[in-house]
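Working notes for the structure below.
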Amino acid sequence: MEEKTAISFANVAARYDGTDEILTNVSFNIRGGAFYFLSGVSGAGKTTLLRLIYQLHKPSRGQIKLFGKTTNDMTRDEICNLRKKMAIVFQEYSLLSHLSVFDNVALPLRVRGVSEDKIKKLVSKVLDWVGLGKYADANPKCLAGGQQQRVSVARAIIVQPSILLADEPTGNLDDENASRLMELFIQMNKMFGTTIILATHSTKLMDTYKFPIIRVENHRVAFTGTATDDVTPQTKKVWRGPKPQSQNYFTELSKQFDDIGNA
């Protein structure tokens, strides 16, 4: 896993037009390959923090670095290039109902100009990975909530982002589907070294999977726990989706991801 700092905040503050500061003097460093929960009451600033990282919102003061590059004065094109290394998953799924499951997942690749031959292979692999291979031609509106969320995850990871941000992705899911989704994120973190920040209100989720926590409270952030490369759930989970065939399966998938850059 990459040990370099992926995300760095230095005395960052954020506000929206006509509001007081939502975040004040936020400073931290997150290394590449880490997995953090993001916790806090509604309105504390969790989504704002994710928006700052994804460059959907500019800080009112302070400095943000992503992959060692200062973002404050980046041009729009530079920010677009930076976002190619990141992905975000929303609680609302944000799927396009006029496209099939396959085409929803393929969209980021088509935007990048990847060939249709590679798209077919890659999307099929990723849909198999999230347990939805047989739903490739389905309309996302016909799927259950947990399945739609897995489609949105597949779309987010299709370009193998270095940073994955997830804003309450399990908020609308039952315990079983929340566990399935967590297993997908954990596999991605372990197999691809993806830096993951997952916002959640679920104390059960955080108690079960002992990842370190970024807590947002009183306009500031605090860290609980230590980032490690091997975090094992305290409670055994039953994975009812397709079981990983072998590490070679994910290695092959990773190789195909690497091919995207040469498309």
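Within each chain, counting starts at residue 1; across the structure tokens, chains are named A, B, ... in the order shown, with ligands numbered 1 upward in that order.
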* Asked: Got a sec to tell me which of stretch 123-196 of chain A DSSP assigns to strand (DSSP E or B), as number ranges by chain?
  -> A: 163-167, 195-196
Taking only residues of stretch 47-163 of chain A that have an atom at most 7 Å from an atom of stretch 192-207 of chain A, what is each one's shortest atom pair and its distance in Å to one decimal, using only C-alpha atoms, in chain and number order, as CSV?
residue,atom,partner,partner_atom,distance
A:Pro161,CA,A:Thr194,CA,6.8
A:Ser162,CA,A:Thr194,CA,5.0
A:Ile163,CA,A:Thr195,CA,4.7
Expected file contents, prior selection, N, CA, C and O atoms, as a tab-separated table (two decimals), in the first residue's frame:
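Result went into selection-v1.tsv, see below:
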chain	number	residue	atom	x	y	z
A	161	PRO	N	-10.12	4.30	-8.18
A	161	PRO	CA	-9.65	5.57	-7.62
A	161	PRO	C	-8.64	5.34	-6.51
A	161	PRO	O	-8.70	4.34	-5.79
A	162	SER	N	-7.75	6.29	-6.34
A	162	SER	CA	-6.80	6.24	-5.24
A	162	SER	C	-7.47	6.64	-3.93
A	162	SER	O	-7.07	6.20	-2.86
A	163	ILE	N	-8.49	7.50	-4.03
A	163	ILE	CA	-9.27	7.93	-2.86
A	163	ILE	C	-10.74	7.67	-3.15
A	163	ILE	O	-11.26	8.08	-4.20
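Remark: for A:Arg180, the closest of the candidate residues A:Leu99, A:Val114, A:Val153, A:Leu23 is A:Val153 (distances computed over only C-alpha atoms).
Shell of A:Ala138 at 12 Å, with only C-alpha atoms counted and residues fewer than 5 places along the chain excluded, is A:Ser97, A:His98, A:Leu99, A:Ser100, A:Val101, A:Phe102, A:Asp103, A:Asn104, A:Leu132, A:Gly133, A:Leu143, A:Ala144, A:Gln147, A:Gln148, A:Val151.
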Store the residues of this selection in a file with N, CA, C and O atoms, as a CSV table (one decimal), in the first residue's frame.
chain,number,residue,atom,x,y,z
A,97,SER,N,-31.6,6.6,-14.5
A,97,SER,CA,-32.7,5.7,-14.7
A,97,SER,C,-32.9,5.3,-16.2
A,97,SER,O,-33.5,4.3,-16.5
A,98,HIS,N,-32.4,6.2,-17.1
A,98,HIS,CA,-32.6,5.9,-18.5
A,98,HIS,C,-31.5,5.0,-19.1
A,98,HIS,O,-31.5,4.7,-20.3
A,99,LEU,N,-30.5,4.7,-18.2
A,99,LEU,CA,-29.4,3.8,-18.6
A,99,LEU,C,-29.6,2.5,-17.9
A,99,LEU,O,-30.1,2.4,-16.8
A,100,SER,N,-29.1,1.4,-18.5
A,100,SER,CA,-29.0,0.1,-17.9
A,100,SER,C,-28.0,0.1,-16.8
A,100,SER,O,-27.2,1.0,-16.6
A,101,VAL,N,-28.0,-1.0,-15.9
A,101,VAL,CA,-27.0,-1.1,-14.9
A,101,VAL,C,-25.6,-1.1,-15.6
A,101,VAL,O,-24.7,-0.4,-15.1
A,102,PHE,N,-25.4,-1.8,-16.7
A,102,PHE,CA,-24.2,-1.9,-17.4
A,102,PHE,C,-23.7,-0.5,-17.8
A,102,PHE,O,-22.6,-0.1,-17.5
A,103,ASP,N,-24.6,0.3,-18.4
A,103,ASP,CA,-24.3,1.6,-18.9
A,103,ASP,C,-24.0,2.6,-17.8
A,103,ASP,O,-23.2,3.5,-18.0
A,104,ASN,N,-24.7,2.5,-16.7
A,104,ASN,CA,-24.4,3.3,-15.5
A,104,ASN,C,-23.0,3.1,-15.1
A,104,ASN,O,-22.2,4.1,-14.8
A,132,LEU,N,-23.6,-8.6,-9.1
A,132,LEU,CA,-24.7,-8.1,-9.9
A,132,LEU,C,-24.5,-8.4,-11.3
A,132,LEU,O,-25.1,-7.8,-12.2
A,133,GLY,N,-23.7,-9.4,-11.6
A,133,GLY,CA,-23.4,-9.7,-13.0
A,133,GLY,C,-24.7,-10.0,-13.8
A,133,GLY,O,-24.8,-9.6,-15.0
A,143,LEU,N,-34.2,-2.6,-9.3
A,143,LEU,CA,-33.4,-3.3,-8.3
A,143,LEU,C,-33.8,-2.8,-6.9
A,143,LEU,O,-34.3,-1.7,-6.7
A,144,ALA,N,-33.5,-3.7,-5.9
A,144,ALA,CA,-33.7,-3.3,-4.5
A,144,ALA,C,-32.7,-2.3,-4.1
A,144,ALA,O,-31.6,-2.1,-4.8
A,147,GLN,N,-29.1,-3.4,-3.9
A,147,GLN,CA,-28.5,-3.6,-5.2
A,147,GLN,C,-28.2,-2.3,-5.9
A,147,GLN,O,-27.1,-2.2,-6.5
A,148,GLN,N,-29.0,-1.3,-5.8
A,148,GLN,CA,-28.7,-0.1,-6.4
A,148,GLN,C,-27.5,0.6,-5.8
A,148,GLN,O,-26.7,1.2,-6.5
A,151,VAL,N,-24.5,-1.0,-7.3
A,151,VAL,CA,-24.3,-0.4,-8.7
A,151,VAL,C,-23.5,0.9,-8.6
A,151,VAL,O,-22.6,1.1,-9.3
* Residues within 12 Å of A:Gly68, only C-alpha atoms, excluding chain neighbours under 4 positions, as a PyMOL selection string -> chain A and resi 4-9+29-32+63-64+82
* Structure fact -> The distance between atom CA of A:Val216 and atom CA of A:Asn189 is 22.9 Å
